[in-house]
Each structure stands twice: as structure tokens, then as C-alpha cells.
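Undergrad: Structure file run-v9.tsv (TSV, C-alpha atoms) is given on the next line.
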chain	number	residue	atom	x	y	z
A	1	MET	CA	44.37	172.88	48.40
A	2	THR	CA	43.95	176.12	50.35
A	3	TYR	CA	40.43	177.01	51.38
A	4	LYS	CA	39.15	180.37	50.12
A	5	ALA	CA	36.08	182.07	51.52
A	6	ASP	CA	33.11	182.32	49.20
A	7	PRO	CA	33.35	185.67	47.33
A	8	GLY	CA	29.73	186.37	48.29
A	9	MET	CA	30.64	186.42	51.99
A	10	THR	CA	30.33	189.77	53.74
A	11	VAL	CA	30.77	191.00	57.29
A	12	GLY	CA	27.24	190.98	58.64
A	13	HIS	CA	27.62	192.88	61.89
A	14	VAL	CA	29.96	193.96	64.64
A	15	HIS	CA	29.21	193.71	68.35
A	16	LEU	CA	30.88	196.16	70.75
A	17	LYS	CA	31.32	196.14	74.50
A	18	VAL	CA	30.33	199.58	75.84
A	19	SER	CA	30.33	201.15	79.28
A	20	ASP	CA	26.99	203.02	79.10
A	21	LEU	CA	24.30	201.55	76.87
A	22	ASP	CA	22.07	204.64	76.72
A	23	ARG	CA	25.01	206.89	75.82
A	24	SER	CA	26.13	204.50	73.07
A	25	ILE	CA	22.64	204.10	71.66
A	26	ALA	CA	22.30	207.90	71.52
A	27	PHE	CA	25.65	208.21	69.73
A	28	TYR	CA	24.99	205.58	67.06
A	29	ARG	CA	21.36	206.72	66.63
A	30	ASP	CA	21.84	210.50	66.64
A	31	VAL	CA	25.27	210.77	65.02
A	32	LEU	CA	25.29	207.87	62.56
A	33	GLY	CA	21.53	207.61	62.09
A	34	LEU	CA	21.21	203.93	62.96
A	35	GLU	CA	17.84	202.70	64.21
A	36	VAL	CA	17.31	200.55	67.29
A	37	GLN	CA	15.83	197.25	66.15
A	38	GLN	CA	15.73	195.55	69.53
A	39	ARG	CA	16.77	196.34	73.08
A	40	TYR	CA	17.38	194.02	76.01
A	41	GLY	CA	16.83	196.34	78.97
A	42	ALA	CA	20.00	198.08	80.16
A	43	GLN	CA	22.24	195.27	78.88
A	44	ALA	CA	22.18	195.17	75.08
A	45	ALA	CA	20.76	196.74	71.93
A	46	PHE	CA	20.84	195.95	68.24
A	47	LEU	CA	20.88	198.76	65.66
A	48	SER	CA	20.86	198.92	61.88
A	49	ALA	CA	20.28	200.96	58.76
A	50	GLY	CA	17.33	200.18	56.51
A	51	GLY	CA	15.54	197.79	58.87
A	52	TYR	CA	18.13	194.99	58.76
A	53	HIS	CA	18.05	192.90	61.97
A	54	HIS	CA	21.35	194.42	63.07
A	55	HIS	CA	24.54	195.85	61.71
A	56	LEU	CA	25.71	196.79	65.20
A	57	GLY	CA	25.28	195.12	68.55
A	58	LEU	CA	26.07	196.98	71.76
A	59	ASN	CA	26.31	195.37	75.18
A	60	THR	CA	27.35	196.05	78.77
A	61	TRP	CA	27.50	192.39	79.84
A	62	GLU	CA	31.17	192.59	80.85
A	63	SER	CA	31.86	196.30	80.42
A	64	ARG	CA	29.27	198.39	82.32
A	65	GLY	CA	31.08	201.42	83.74
A	66	GLY	CA	34.39	200.25	82.31
A	67	GLY	CA	37.08	202.36	80.71
A	68	ALA	CA	38.50	202.30	77.22
A	69	PRO	CA	41.27	199.75	76.65
A	70	PRO	CA	44.79	201.15	76.47
A	71	LYS	CA	46.01	202.08	72.98
A	72	ASN	CA	48.73	199.40	73.12
A	73	ALA	CA	46.27	196.57	73.86
A	74	THR	CA	45.03	194.05	71.34
A	75	GLY	CA	41.43	194.16	70.15
A	76	LEU	CA	39.28	196.03	67.70
A	77	TYR	CA	41.12	198.77	65.79
A	78	HIS	CA	37.97	200.20	64.22
A	79	VAL	CA	34.64	199.28	62.75
A	80	ALA	CA	34.03	200.55	59.23
A	81	PHE	CA	30.66	201.64	57.87
A	82	LEU	CA	30.49	201.48	54.06
A	83	TYR	CA	28.41	204.11	52.25
A	84	PRO	CA	27.10	203.57	48.71
A	85	ASP	CA	28.64	206.70	47.17
A	86	ARG	CA	30.55	209.92	47.78
A	87	VAL	CA	27.42	212.02	48.39
A	88	ALA	CA	26.12	209.66	51.09
A	89	LEU	CA	29.55	209.62	52.72
A	90	GLY	CA	29.75	213.42	52.63
A	91	ARG	CA	26.34	213.73	54.26
A	92	ALA	CA	27.32	211.29	57.01
A	93	VAL	CA	30.59	213.13	57.67
A	94	ALA	CA	28.72	216.46	57.83
A	95	GLN	CA	26.41	214.92	60.45
A	96	VAL	CA	29.40	213.79	62.52
A	97	LYS	CA	30.88	217.29	62.39
A	98	ARG	CA	27.50	218.89	63.28
A	99	HIS	CA	27.66	216.89	66.51
A	100	GLY	CA	31.03	218.43	67.33
A	101	ILE	CA	32.95	215.20	66.96
A	102	SER	CA	36.52	215.75	65.91
A	103	LEU	CA	37.98	213.59	63.20
A	104	ASP	CA	41.15	211.65	63.94
A	105	GLY	CA	41.99	211.39	60.27
A	106	ALA	CA	40.77	211.40	56.69
A	107	ALA	CA	42.42	209.56	53.83
A	108	ASP	CA	42.15	208.75	50.16
A	109	HIS	CA	43.24	205.13	49.89
A	110	GLY	CA	42.96	204.97	46.10
A	111	VAL	CA	40.35	202.22	46.41
A	112	SER	CA	38.28	204.22	48.88
A	113	GLU	CA	37.83	207.50	50.73
A	114	ALA	CA	37.57	207.37	54.52
A	115	VAL	CA	37.25	209.43	57.68
A	116	TYR	CA	38.12	208.27	61.20
A	117	PHE	CA	36.94	209.20	64.70
A	118	ASN	CA	36.01	207.51	68.00
A	119	ASP	CA	32.75	206.65	69.70
A	120	PRO	CA	32.22	207.63	73.38
A	121	ASP	CA	34.02	204.46	74.57
A	122	GLY	CA	37.07	205.06	72.40
A	123	ASN	CA	36.10	202.46	69.78
A	124	GLY	CA	37.49	203.49	66.40
A	125	ILE	CA	34.93	204.33	63.72
A	126	GLU	CA	35.60	204.58	59.99
A	127	LEU	CA	33.06	205.96	57.54
A	128	TYR	CA	34.05	205.24	53.94
A	129	ARG	CA	32.98	204.71	50.37
A	130	ASP	CA	34.60	202.45	47.80
A	131	ARG	CA	35.48	203.60	44.32
A	132	PRO	CA	34.35	201.32	41.50
A	133	GLN	CA	36.68	198.31	41.37
A	134	SER	CA	37.62	199.20	37.78
A	135	ASP	CA	39.16	202.45	39.13
A	136	TRP	CA	41.31	200.82	41.82
A	137	PRO	CA	45.01	201.63	41.36
A	138	LYS	CA	47.12	198.64	40.37
A	139	LEU	CA	50.75	197.98	39.64
A	140	ALA	CA	51.85	196.65	36.24
A	141	ASP	CA	51.59	193.07	37.54
A	142	GLY	CA	47.95	193.65	38.59
A	143	THR	CA	48.71	193.90	42.30
A	144	LEU	CA	46.47	196.33	44.16
A	145	GLN	CA	48.27	199.53	45.12
A	146	MET	CA	46.41	201.22	47.97
A	147	THR	CA	47.48	204.72	48.96
A	148	ASN	CA	47.21	206.90	52.03
A	149	THR	CA	46.92	210.47	50.81
A	150	ARG	CA	45.06	213.40	52.31
A	151	LEU	CA	41.29	213.53	51.80
A	152	ASP	CA	39.78	217.01	51.54
A	153	VAL	CA	36.89	216.65	54.01
A	154	ASP	CA	35.53	220.14	53.33
A	155	ALA	CA	35.30	219.37	49.60
A	156	LEU	CA	33.60	216.05	50.38
A	157	ILE	CA	30.96	217.80	52.50
A	158	ALA	CA	30.54	220.64	49.98
A	159	GLU	CA	29.92	218.14	47.18
A	160	ALA	CA	27.25	216.43	49.30
A	161	ASP	CA	25.63	219.80	50.10
A	162	LEU	CA	25.30	220.57	46.38
A	163	ALA	CA	23.80	217.18	45.49
A	164	PRO	CA	20.03	216.93	44.99
Using the file provided, produce a representation of the structure as C-alpha cells.
TA:
Amino acid sequence: MTYKADPGMTVGHVHLKVSDLDRSIAFYRDVLGLEVQQRYGAQAAFLSAGGYHHHLGLNTWESRGGGAPPKNATGLYHVAFLYPDRVALGRAVAQVKRHGISLDGAADHGVSEAVYFNDPDGNGIELYRDRPQSDWPKLADGTLQMTNTRLDVDALIAEADLAP
């Protein structure tokens, strides 16, 4: 019998190696709106949304002053932050753009809508929202059929601006 993870399992947090802790804290706090829950001097910090103990850990234990890994190296591709709906995603993307951060991409995956950019250390960031599971595109045999079509970021932000 093949083991299957409990369907209630979620990814609780991600922990990133960064080169400059203060710069990374400022990025995740000011751009993504995360709050510092705990800091360990100049070595580590734990940030979250909504007072959770941490969604994101940052540390310089092995990486202080280091450079970004080469694109052809193994490791983290991106960390994805899930928003509850399209309006919340649009507001978050508008905040990213207000900070002058250029997007590396934006896609409608059928199951979700997502935008992509990098943090100051070159770590990939995805901000996304899921569509209701009942709306996910499927083939006739029930297999999930994700897509990769263009997402209109300006329309996403405009919709968020019009929301109460």
C-alpha cells in the first residue's frame, strides 16, 4: 500500500537564507505586509500574516553577504503566498508595483491566477489566488488540466481598486 499524506496537511512555513537580514525584513514587511513576530539579533527573523508564529523564516547563518545562487543550480524555485480571493491578490500586486518591483511574469493557470517576481536575494516569489475547486478545468477523464495563459495584471489591480 502506498502512503498518502493526510489531506489536511498544509505547508506551514518556508525558511530562506538571505545575505542581509535588515534588507530582507524591510522587503517582506514593507512590500508584502508581513509582520515580524520574533527576531534573533542580526541572524534570523520570523514573519507572518495575522499573528501566526511564522509563515516565513529568514536567516544569515550561512549566507551573510552572500550572492544569489546561479540560475542553473538546484534549490528553491519560488515560494508562493496564497491569497484568499482575487481582490486581496490584486491589492497585494498593486503594493508590489508601488514599490517599483518589476514582475517576471503573470499567468492564469486555470486553477489559479499568479504573479511572479524576486526578492532582493533573487529568491522567486509567487503571489496567487486559487479559484474554487469546482471551477478547475478538467479533461473528460477527470484529470486536472492546468493552463499557462496570460493574466491581465492591470485588470486584476483595477478590480481590487474598485472593491469596497
Undergrad: Could you check how far CA of Val18 in chain A sits from CA of Phe81 in chain A, in Å to one decimal?
TA: 18.1 Å
Undergrad: Please identify all polymer residues lying at most 12 Å from the point (20.8, 192.7, 64.4) (file coordinates), using all atoms listed in the file, and present the result as a PDB file with C-alpha atoms, in the coordinates of the input.
TA:
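File written: result.pdb
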ATOM      1  CA  GLY A  12      27.240 190.980  58.640  1.00  0.00           C
ATOM      2  CA  HIS A  13      27.620 192.880  61.890  1.00  0.00           C
ATOM      3  CA  VAL A  14      29.960 193.960  64.640  1.00  0.00           C
ATOM      4  CA  HIS A  15      29.210 193.710  68.350  1.00  0.00           C
ATOM      5  CA  LEU A  34      21.210 203.930  62.960  1.00  0.00           C
ATOM      6  CA  GLU A  35      17.840 202.700  64.210  1.00  0.00           C
ATOM      7  CA  VAL A  36      17.310 200.550  67.290  1.00  0.00           C
ATOM      8  CA  GLN A  37      15.830 197.250  66.150  1.00  0.00           C
ATOM      9  CA  GLN A  38      15.730 195.550  69.530  1.00  0.00           C
ATOM     10  CA  ARG A  39      16.770 196.340  73.080  1.00  0.00           C
ATOM     11  CA  ALA A  44      22.180 195.170  75.080  1.00  0.00           C
ATOM     12  CA  ALA A  45      20.760 196.740  71.930  1.00  0.00           C
ATOM     13  CA  PHE A  46      20.840 195.950  68.240  1.00  0.00           C
ATOM     14  CA  LEU A  47      20.880 198.760  65.660  1.00  0.00           C
ATOM     15  CA  SER A  48      20.860 198.920  61.880  1.00  0.00           C
ATOM     16  CA  ALA A  49      20.280 200.960  58.760  1.00  0.00           C
ATOM     17  CA  GLY A  50      17.330 200.180  56.510  1.00  0.00           C
ATOM     18  CA  GLY A  51      15.540 197.790  58.870  1.00  0.00           C
ATOM     19  CA  TYR A  52      18.130 194.990  58.760  1.00  0.00           C
ATOM     20  CA  HIS A  53      18.050 192.900  61.970  1.00  0.00           C
ATOM     21  CA  HIS A  54      21.350 194.420  63.070  1.00  0.00           C
ATOM     22  CA  HIS A  55      24.540 195.850  61.710  1.00  0.00           C
ATOM     23  CA  LEU A  56      25.710 196.790  65.200  1.00  0.00           C
ATOM     24  CA  GLY A  57      25.280 195.120  68.550  1.00  0.00           C
ATOM     25  CA  LEU A  58      26.070 196.980  71.760  1.00  0.00           C
TER      26      LEU A  58
END
Undergrad: Between A:Gly75, A:Thr149, A:Asp130, A:Asn123, which is the closest to Tyr28 in chain A once you count all atoms listed in the file?
TA: A:Asn123
Undergrad: Find, counting all atoms listed in the file, the residue in A:Ser19, A:Asn148, A:Asn118, A:Thr10 that gets nearest to Tyr77 in chain A.
TA: A:Asn118
Undergrad: Between CA of Ile125 in chain A and CA of Lys138 in chain A, what distance in Å does the model show, to one decimal?
TA: 26.9 Å
Undergrad: Which residues are near Val115 in chain A? Cut-off 8 Å, only C-alpha atoms, ignore same chain within fewer than 4 positions. Put them as a list in words.
TA: Val93, Leu103, Asp104, Gly105, Ala106, Ala107, Glu126, Leu127 and Tyr128 of chain A
Undergrad: Restricting the calculation to only C-alpha atoms: of A:Asp152, A:Ser134, A:Asp6, A:Asp22, which residue gets closest to Gly65 in chain A?
TA: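 Of A:Asp152, A:Ser134, A:Asp6, A:Asp22, the one nearest Gly65 in chain A is A:Asp22, counting only C-alpha atoms.
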Undergrad: Hey, can you check how far CA of Gln145 in chain A sits from CA of Gly110 in chain A?
TA: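 Separation of CA of Gln145 in chain A and CA of Gly110 in chain A: 7.7 Å.
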Undergrad: Near Leu162 in chain A, within 12 Å and counting only C-alpha atoms, which residues show up once chain neighbours fewer than 2 positions away are dropped, as a PDB file with C-alpha atoms, in the frame of the given file?
TA:
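What ended up in out_16.pdb:
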ATOM      1  CA  ARG A  86      30.550 209.920  47.780  1.00  0.00           C
ATOM      2  CA  VAL A  87      27.420 212.020  48.390  1.00  0.00           C
ATOM      3  CA  ALA A  88      26.120 209.660  51.090  1.00  0.00           C
ATOM      4  CA  GLY A  90      29.750 213.420  52.630  1.00  0.00           C
ATOM      5  CA  ARG A  91      26.340 213.730  54.260  1.00  0.00           C
ATOM      6  CA  ALA A 155      35.300 219.370  49.600  1.00  0.00           C
ATOM      7  CA  LEU A 156      33.600 216.050  50.380  1.00  0.00           C
ATOM      8  CA  ILE A 157      30.960 217.800  52.500  1.00  0.00           C
ATOM      9  CA  ALA A 158      30.540 220.640  49.980  1.00  0.00           C
ATOM     10  CA  GLU A 159      29.920 218.140  47.180  1.00  0.00           C
ATOM     11  CA  ALA A 160      27.250 216.430  49.300  1.00  0.00           C
ATOM     12  CA  PRO A 164      20.030 216.930  44.990  1.00  0.00           C
TER      13      PRO A 164
END
